[in-house]
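Peer 1: work22.pdb is reproduced in full below (PDB, C-alpha atoms and all ligand atoms).
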ATOM      1  CA  MET A   1       0.000   0.000   0.000
ATOM      2  CA  SER A   2       1.290   3.441  -0.907
ATOM      3  CA  PRO A   3       2.477   5.597   2.026
ATOM      4  CA  PHE A   4       0.970   8.643   0.270
ATOM      5  CA  VAL A   5      -2.623   9.895   0.380
ATOM      6  CA  ILE A   6      -2.510  10.880  -3.310
ATOM      7  CA  PRO A   7      -0.422   9.517  -6.197
ATOM      8  CA  ARG A   8       3.212  10.534  -5.756
ATOM      9  CA  PRO A   9       4.396  12.982  -8.443
ATOM     10  CA  ASP A  10       7.097  11.645 -10.768
ATOM     11  CA  ILE A  11      10.615  12.997 -10.359
ATOM     12  CA  ALA A  12      11.855  14.933 -13.380
ATOM     13  CA  SER A  13      14.983  13.682 -15.119
ATOM     14  CA  LEU A  14      17.153  14.255 -18.186
ATOM     15  CA  PRO A  15      18.847  11.775 -20.523
ATOM     16  CA  VAL A  16      22.662  11.591 -20.428
ATOM     17  CA  THR A  17      24.753  10.918 -23.516
ATOM     18  CA  GLY A  18      26.592   7.609 -23.546
ATOM     19  CA  THR A  19      24.397   5.850 -20.982
ATOM     20  CA  SER A  20      20.819   4.729 -20.470
ATOM     21  CA  ALA A  21      20.938   6.080 -16.886
ATOM     22  CA  ARG A  22      19.276   9.457 -16.339
ATOM     23  CA  PHE A  23      20.096  12.622 -14.392
ATOM     24  CA  PRO A  24      17.412  13.307 -11.740
ATOM     25  CA  VAL A  25      16.408  16.978 -11.503
ATOM     26  CA  ARG A  26      15.892  18.622  -8.103
ATOM     27  CA  ARG A  27      15.691  22.362  -8.847
ATOM     28  CA  ILE A  28      16.116  24.562 -11.913
ATOM     29  CA  TYR A  29      17.878  27.845 -11.186
ATOM     30  CA  CYS A  30      18.073  30.568 -13.835
ATOM     31  CA  VAL A  31      20.396  33.558 -14.116
ATOM     32  CA  GLY A  32      18.941  36.896 -15.217
ATOM     33  CA  ARG A  33      20.767  39.448 -17.402
ATOM     34  CA  ASN A  34      24.018  37.603 -18.066
ATOM     35  CA  TYR A  35      24.930  38.840 -21.552
ATOM     36  CA  LEU A  36      25.528  42.569 -22.003
ATOM     37  CA  ALA A  37      24.055  42.709 -25.517
ATOM     38  CA  HIS A  38      20.818  41.170 -24.205
ATOM     39  CA  VAL A  39      20.656  43.588 -21.263
ATOM     40  CA  ARG A  40      20.977  46.414 -23.786
ATOM     41  CA  GLU A  41      18.341  45.037 -26.183
ATOM     42  CA  MET A  42      15.887  44.856 -23.268
ATOM     43  CA  ASN A  43      16.617  48.570 -22.680
ATOM     44  CA  GLU A  44      15.883  48.352 -18.975
ATOM     45  CA  GLY A  45      18.442  50.813 -17.739
ATOM     46  CA  ALA A  46      19.813  48.027 -15.565
ATOM     47  CA  ASP A  47      23.223  48.558 -14.024
ATOM     48  CA  GLU A  48      25.462  46.502 -16.282
ATOM     49  CA  ARG A  49      27.741  45.638 -13.373
ATOM     50  CA  ASP A  50      24.989  44.452 -11.019
ATOM     51  CA  PRO A  51      25.747  41.134  -9.303
ATOM     52  CA  PRO A  52      23.994  38.135 -10.881
ATOM     53  CA  PHE A  53      20.419  37.523  -9.760
ATOM     54  CA  PHE A  54      18.445  34.317  -9.844
ATOM     55  CA  PHE A  55      14.969  32.891 -10.229
ATOM     56  CA  GLN A  56      13.658  29.335 -10.460
ATOM     57  CA  LYS A  57      11.519  27.234 -12.732
ATOM     58  CA  PRO A  58       9.726  24.150 -11.420
ATOM     59  CA  ALA A  59      11.387  20.841 -12.334
ATOM     60  CA  ASP A  60       8.084  19.602 -13.768
ATOM     61  CA  SER A  61       8.148  22.391 -16.385
ATOM     62  CA  ILE A  62      10.819  20.477 -18.333
ATOM     63  CA  VAL A  63      10.093  19.649 -21.986
ATOM     64  CA  HIS A  64      12.443  17.133 -23.644
ATOM     65  CA  ASP A  65      14.092  17.169 -27.050
ATOM     66  CA  GLY A  66      11.604  16.287 -29.781
ATOM     67  CA  GLU A  67       8.534  17.089 -27.686
ATOM     68  CA  ASN A  68       5.836  19.710 -28.173
ATOM     69  CA  VAL A  69       5.329  22.908 -26.182
ATOM     70  CA  PRO A  70       1.679  23.977 -25.999
ATOM     71  CA  TYR A  71       1.395  27.758 -26.351
ATOM     72  CA  PRO A  72       0.946  28.969 -22.742
ATOM     73  CA  THR A  73      -2.083  30.758 -21.362
ATOM     74  CA  LEU A  74      -2.460  34.482 -20.640
ATOM     75  CA  THR A  75       0.269  35.733 -22.987
ATOM     76  CA  LYS A  76       0.468  37.297 -26.421
ATOM     77  CA  SER A  77       4.263  37.487 -26.355
ATOM     78  CA  LEU A  78       6.027  34.160 -25.767
ATOM     79  CA  HIS A  79       9.783  34.681 -26.191
ATOM     80  CA  HIS A  80      12.673  32.247 -26.722
ATOM     81  CA  GLU A  81      15.939  32.576 -24.755
ATOM     82  CA  VAL A  82      18.674  30.037 -25.574
ATOM     83  CA  GLU A  83      20.925  29.255 -22.614
ATOM     84  CA  LEU A  84      23.880  27.058 -21.660
ATOM     85  CA  VAL A  85      22.717  24.538 -19.043
ATOM     86  CA  VAL A  86      24.931  23.370 -16.165
ATOM     87  CA  ALA A  87      24.071  20.218 -14.175
ATOM     88  CA  ILE A  88      25.315  19.913 -10.577
ATOM     89  CA  SER A  89      26.473  16.528  -9.215
ATOM     90  CA  LYS A  90      28.063  17.568  -5.914
ATOM     91  CA  GLY A  91      26.387  19.763  -3.297
ATOM     92  CA  GLY A  92      27.813  22.664  -1.379
ATOM     93  CA  ALA A  93      27.301  26.136   0.067
ATOM     94  CA  ARG A  94      29.629  29.118  -0.381
ATOM     95  CA  ILE A  95      31.567  27.247  -3.039
ATOM     96  CA  PRO A  96      34.791  29.079  -3.977
ATOM     97  CA  GLN A  97      35.116  29.918  -7.673
ATOM     98  CA  GLU A  98      38.317  27.884  -7.889
ATOM     99  CA  GLN A  99      36.459  24.727  -6.808
ATOM    100  CA  ALA A 100      33.172  25.403  -8.611
ATOM    101  CA  LEU A 101      33.798  23.212 -11.646
ATOM    102  CA  ASP A 102      34.369  20.201  -9.351
ATOM    103  CA  HIS A 103      30.619  20.409  -8.633
ATOM    104  CA  VAL A 104      29.588  20.167 -12.303
ATOM    105  CA  PHE A 105      28.277  16.900 -13.712
ATOM    106  CA  GLY A 106      27.892  18.110 -17.259
ATOM    107  CA  TYR A 107      26.349  20.512 -19.721
ATOM    108  CA  GLY A 108      23.423  20.870 -22.102
ATOM    109  CA  VAL A 109      21.315  23.519 -23.791
ATOM    110  CA  GLY A 110      17.956  24.898 -22.726
ATOM    111  CA  ILE A 111      15.341  27.462 -23.696
ATOM    112  CA  ASP A 112      14.143  29.844 -20.989
ATOM    113  CA  LEU A 113      10.656  30.344 -22.436
ATOM    114  CA  THR A 114       9.287  33.647 -21.213
ATOM    115  CA  ARG A 115       5.837  35.244 -21.204
ATOM    116  CA  ARG A 116       7.464  38.594 -21.963
ATOM    117  CA  ASP A 117       4.304  40.647 -21.526
ATOM    118  CA  LEU A 118       3.706  39.209 -18.062
ATOM    119  CA  GLN A 119       7.371  39.655 -17.144
ATOM    120  CA  THR A 120       7.167  43.301 -18.220
ATOM    121  CA  VAL A 121       4.120  43.876 -15.992
ATOM    122  CA  ALA A 122       5.970  42.222 -13.093
ATOM    123  CA  LYS A 123       9.012  44.447 -13.622
ATOM    124  CA  ASP A 124       6.836  47.572 -13.796
ATOM    125  CA  LYS A 125       4.958  46.691 -10.627
ATOM    126  CA  GLY A 126       7.918  45.305  -8.683
ATOM    127  CA  TRP A 127       6.319  41.847  -8.606
ATOM    128  CA  PRO A 128       8.203  38.534  -8.699
ATOM    129  CA  TRP A 129       8.991  37.146 -12.167
ATOM    130  CA  GLU A 130       7.318  33.750 -11.644
ATOM    131  CA  MET A 131       4.243  34.338 -13.798
ATOM    132  CA  GLY A 132       6.453  35.432 -16.686
ATOM    133  CA  LYS A 133       9.056  32.720 -16.277
ATOM    134  CA  SER A 134       7.897  29.695 -14.317
ATOM    135  CA  PHE A 135       4.806  28.407 -16.100
ATOM    136  CA  ASP A 136       4.045  24.864 -17.302
ATOM    137  CA  HIS A 137       6.300  23.697 -20.196
ATOM    138  CA  SER A 138       8.583  26.711 -19.693
ATOM    139  CA  ALA A 139      11.857  24.755 -19.564
ATOM    140  CA  PRO A 140      12.756  22.817 -22.722
ATOM    141  CA  LEU A 141      16.091  21.105 -21.888
ATOM    142  CA  SER A 142      18.388  18.900 -23.975
ATOM    143  CA  ALA A 143      20.116  15.731 -22.867
ATOM    144  CA  LEU A 144      23.255  16.301 -20.784
ATOM    145  CA  ALA A 145      26.828  15.586 -21.856
ATOM    146  CA  PRO A 146      29.141  14.637 -18.952
ATOM    147  CA  ALA A 147      32.001  17.065 -18.336
ATOM    148  CA  SER A 148      34.255  14.003 -18.221
ATOM    149  CA  GLU A 149      33.636  13.759 -21.973
ATOM    150  CA  VAL A 150      33.222  17.372 -23.125
ATOM    151  CA  GLY A 151      35.359  19.284 -20.617
ATOM    152  CA  HIS A 152      34.622  22.771 -19.285
ATOM    153  CA  ARG A 153      35.000  25.075 -22.275
ATOM    154  CA  ALA A 154      34.112  28.750 -21.871
ATOM    155  CA  ASP A 155      34.137  29.718 -25.562
ATOM    156  CA  LEU A 156      31.366  27.617 -27.114
ATOM    157  CA  ALA A 157      29.076  28.958 -29.840
ATOM    158  CA  ILE A 158      25.437  29.269 -28.731
ATOM    159  CA  THR A 159      22.612  29.584 -31.264
ATOM    160  CA  LEU A 160      18.858  29.405 -31.648
ATOM    161  CA  ALA A 161      16.861  29.120 -34.862
ATOM    162  CA  VAL A 162      13.116  29.377 -35.478
ATOM    163  CA  ASN A 163      11.836  27.498 -38.542
ATOM    164  CA  GLY A 164      15.436  27.184 -39.747
ATOM    165  CA  LYS A 165      16.204  30.899 -39.493
ATOM    166  CA  THR A 166      18.868  31.935 -36.975
ATOM    167  CA  ARG A 167      17.591  34.330 -34.325
ATOM    168  CA  GLN A 168      20.309  34.142 -31.650
ATOM    169  CA  SER A 169      24.020  33.616 -32.309
ATOM    170  CA  SER A 170      26.784  34.324 -29.806
ATOM    171  CA  THR A 171      29.365  32.541 -27.670
ATOM    172  CA  VAL A 172      29.266  31.711 -24.005
ATOM    173  CA  ALA A 173      32.484  33.730 -23.686
ATOM    174  CA  HIS A 174      30.181  36.767 -23.707
ATOM    175  CA  MET A 175      28.583  35.831 -20.399
ATOM    176  CA  THR A 176      29.004  38.630 -17.831
ATOM    177  CA  TRP A 177      29.306  36.055 -15.050
ATOM    178  CA  SER A 178      31.190  32.841 -15.905
ATOM    179  CA  VAL A 179      30.016  29.381 -14.872
ATOM    180  CA  PRO A 180      32.397  29.247 -11.843
ATOM    181  CA  GLU A 181      31.284  32.737 -10.784
ATOM    182  CA  ILE A 182      27.596  31.783 -11.126
ATOM    183  CA  ILE A 183      28.029  28.603  -9.059
ATOM    184  CA  SER A 184      29.936  30.498  -6.386
ATOM    185  CA  LYS A 185      27.376  33.332  -6.152
ATOM    186  CA  LEU A 186      24.323  31.045  -6.364
ATOM    187  CA  SER A 187      25.704  28.864  -3.558
ATOM    188  CA  GLU A 188      25.787  31.913  -1.293
ATOM    189  CA  HIS A 189      21.989  32.183  -1.651
ATOM    190  CA  TYR A 190      21.103  28.477  -1.656
ATOM    191  CA  ARG A 191      22.930  25.299  -0.739
ATOM    192  CA  LEU A 192      23.369  23.491  -4.034
ATOM    193  CA  GLU A 193      22.561  19.791  -4.151
ATOM    194  CA  PRO A 194      23.107  16.992  -6.657
ATOM    195  CA  GLY A 195      20.370  17.235  -9.280
ATOM    196  CA  ASP A 196      20.315  21.001  -9.481
ATOM    197  CA  ILE A 197      20.257  22.576 -12.939
ATOM    198  CA  ILE A 198      21.444  26.099 -13.734
ATOM    199  CA  MET A 199      20.315  27.992 -16.853
ATOM    200  CA  THR A 200      23.020  30.609 -17.348
ATOM    201  CA  GLY A 201      21.294  33.463 -19.185
ATOM    202  CA  THR A 202      20.663  34.332 -22.804
ATOM    203  CA  PRO A 203      22.519  36.353 -25.452
ATOM    204  CA  GLU A 204      20.849  38.967 -27.628
ATOM    205  CA  GLY A 205      18.278  38.178 -30.317
ATOM    206  CA  VAL A 206      15.341  37.086 -28.168
ATOM    207  CA  GLY A 207      11.958  37.299 -29.852
ATOM    208  CA  ALA A 208       8.428  36.005 -30.132
ATOM    209  CA  VAL A 209       7.319  32.599 -31.352
ATOM    210  CA  ALA A 210       3.908  31.330 -32.447
ATOM    211  CA  ALA A 211       2.031  28.024 -32.597
ATOM    212  CA  GLY A 212       3.483  25.918 -35.406
ATOM    213  CA  ASP A 213       7.027  27.234 -34.998
ATOM    214  CA  VAL A 214       9.918  24.786 -34.698
ATOM    215  CA  ILE A 215      12.611  26.018 -32.288
ATOM    216  CA  GLU A 216      16.130  24.579 -32.433
ATOM    217  CA  ALA A 217      18.684  25.448 -29.756
ATOM    218  CA  SER A 218      22.326  24.447 -29.692
ATOM    219  CA  VAL A 219      25.582  24.943 -27.870
ATOM    220  CA  GLU A 220      28.618  23.783 -29.807
ATOM    221  CA  GLY A 221      29.606  20.196 -29.020
ATOM    222  CA  LEU A 222      26.636  19.522 -26.716
ATOM    223  CA  PRO A 223      23.405  17.590 -27.313
ATOM    224  CA  SER A 224      20.957  19.700 -29.302
ATOM    225  CA  LEU A 225      17.337  20.560 -28.578
ATOM    226  CA  LYS A 226      14.375  20.858 -30.931
ATOM    227  CA  VAL A 227      10.804  21.520 -29.824
ATOM    228  CA  THR A 228       7.629  22.409 -31.688
ATOM    229  CA  LEU A 229       5.196  25.015 -30.448
ATOM    230  CA  THR A 230       1.604  23.799 -30.693
ATOM    231  CA  GLU A 231      -1.859  25.247 -30.116
ATOM    232  CA  PRO A 232      -2.838  26.089 -26.522
ATOM    233  CA  LEU A 233      -4.178  23.214 -24.428
ATOM    234  CA  SER A 234      -7.962  23.241 -24.259
ATOM    235  CA  SER A 235      -8.121  21.993 -20.693
TER     236      SER A 235
HETATM  237 MN    MN B 301      16.832  33.734 -19.408
END
Would you kindly transcribe this structure into structure tokens?
Ligand code: MN
Peer 2:
Amino acid sequence: MSPFVIPRPDIASLPVTGTSARFPVRRIYCVGRNYLAHVREMNEGADERDPPFFFQKPADSIVHDGENVPYPTLTKSLHHEVELVVAISKGGARIPQEQALDHVFGYGVGIDLTRRDLQTVAKDKGWPWEMGKSFDHSAPLSALAPASEVGHRADLAITLAVNGKTRQSSTVAHMTWSVPEIISKLSEHYRLEPGDIIMTGTPEGVGAVAAGDVIEASVEGLPSLKVTLTEPLSS
């Protein structure tokens, strides 16, 4: 007999290249404003030297490679943001930058789907970003490649195309805060644990997508990610 009074929710997980075993996902952390050209395109007047700030998406908002994303409710402006994804395999708090990469299991690519109109309202009103960022199906994520196979390169090309046309094209070298700096800063706010995922911010070129669009995200040398946007769910 189940020890739970309702069915237990499934734990989210990601495929890993080279094995049939999966990476279990505990939390998804996201970094805001981590590429200068994107900060400028958003024209927010943000201090370009602000420390990194973070928000979360629920682990059950993950969409896998090849799956569909139903167009979300309550928005007329769903935006794509391609991001390098870091998977954490070793926990810790106040992790020094010099040791940060020892905590990394591997890397992938993700899309921080954003209800931009709702995010803009939240910014204007000083509300949290959740309704703009943390909705159902808001976290398409690729499979992960272990760092033991792909290393820790800080110069990888990052791109996103919609219906075959490139919209975002940069390199992760343009991140304001590097992966070790992000891990170090994030672990001051929260104790990191195995299974945590970090989406590291998006370069310039974000824009709207519509039902029927095919979105392809890639970071050089890592598993790729393709999802199709479909009509809104009816129930
Ligand atoms: Mn983002």
Peer 1: Distance table requested - range 64-109 of chain A against range 154-178 of chain A, cut-off 9 Å, only C-alpha atoms: one row per qualifying residue with the closest atom pair and its distance in Å to one decimal, ordered by chain and rising residue number, as a tab-separated table.
Peer 2:
residue	atom	partner	partner_atom	distance
A:His80	CA	A:Leu160	CA	8.4
A:Glu81	CA	A:Leu160	CA	8.1
A:Val82	CA	A:Leu160	CA	6.1
A:Glu83	CA	A:Ile158	CA	7.6
A:Leu84	CA	A:Val172	CA	7.5
A:Val109	CA	A:Ile158	CA	8.6
Peer 1: Please check which protein, DNA or RNA residues sit within 7 Å of ligand MN 301 (chain B), counting only C-alpha atoms and all ligand atoms, and write them as number ranges by chain.
Peer 2: A: 30-32, 81, 83, 112, 201-202
Peer 1: So that I can see what lies close to Gln56 in chain A, please list as number ranges by chain the residues with an atom at most 10 Å from it, counting all atoms listed in the file and leaving out residues fewer than 2 positions away in the same chain.
Peer 2: A: 27-31, 54, 58-59, 129-130, 133-134, 197-199
Peer 1: When distances are computed from all atoms listed in the file, which of A:Pro7, A:Gly195, A:Pro15, A:Gly66 shows the smallest separation from Gly108 in chain A?
Peer 2: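 Using all atoms listed in the file, the shortest distance to Gly108 in chain A belongs to A:Pro15.
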Peer 1: Exactly which residues make up the result of the PyMOL selection byres (((chain A and resi 10) around 12) and not hetatm) on this file, given as a ChimeraX atom specification?
Peer 2: /A:7-9,11-13,24-26,59-60
Peer 1: Calculate how many Å separate CA of Asp65 in chain A from CA of Pro140 in chain A, rounding to one decimal.
Peer 2: 7.2 Å
Peer 1: Distance CA of Ala210 in chain A-CA of Ser224 in chain A, one decimal place?
Peer 2: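 Interatomic distance here is 20.9 Å.
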Peer 1: Please, what distance in Å, to one decimal, runs between CA of Arg191 in chain A and CA of Pro96 in chain A?
Peer 2: 12.9 Å
Peer 1: Which one is closest to Tyr71 in chain A: A:Thr114, A:Gln97, A:Asn34, A:Ser218? Count all atoms listed in the file.
Peer 2: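 Selected residue with least distance to Tyr71 in chain A: A:Thr114.
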Peer 1: Find, counting all atoms listed in the file, the residue in A:Ala87, A:Lys185, A:His38, A:Leu229 that gets nearest to Ala208 in chain A.
Peer 2: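 Closest residue, counting all atoms listed in the file: A:Leu229.
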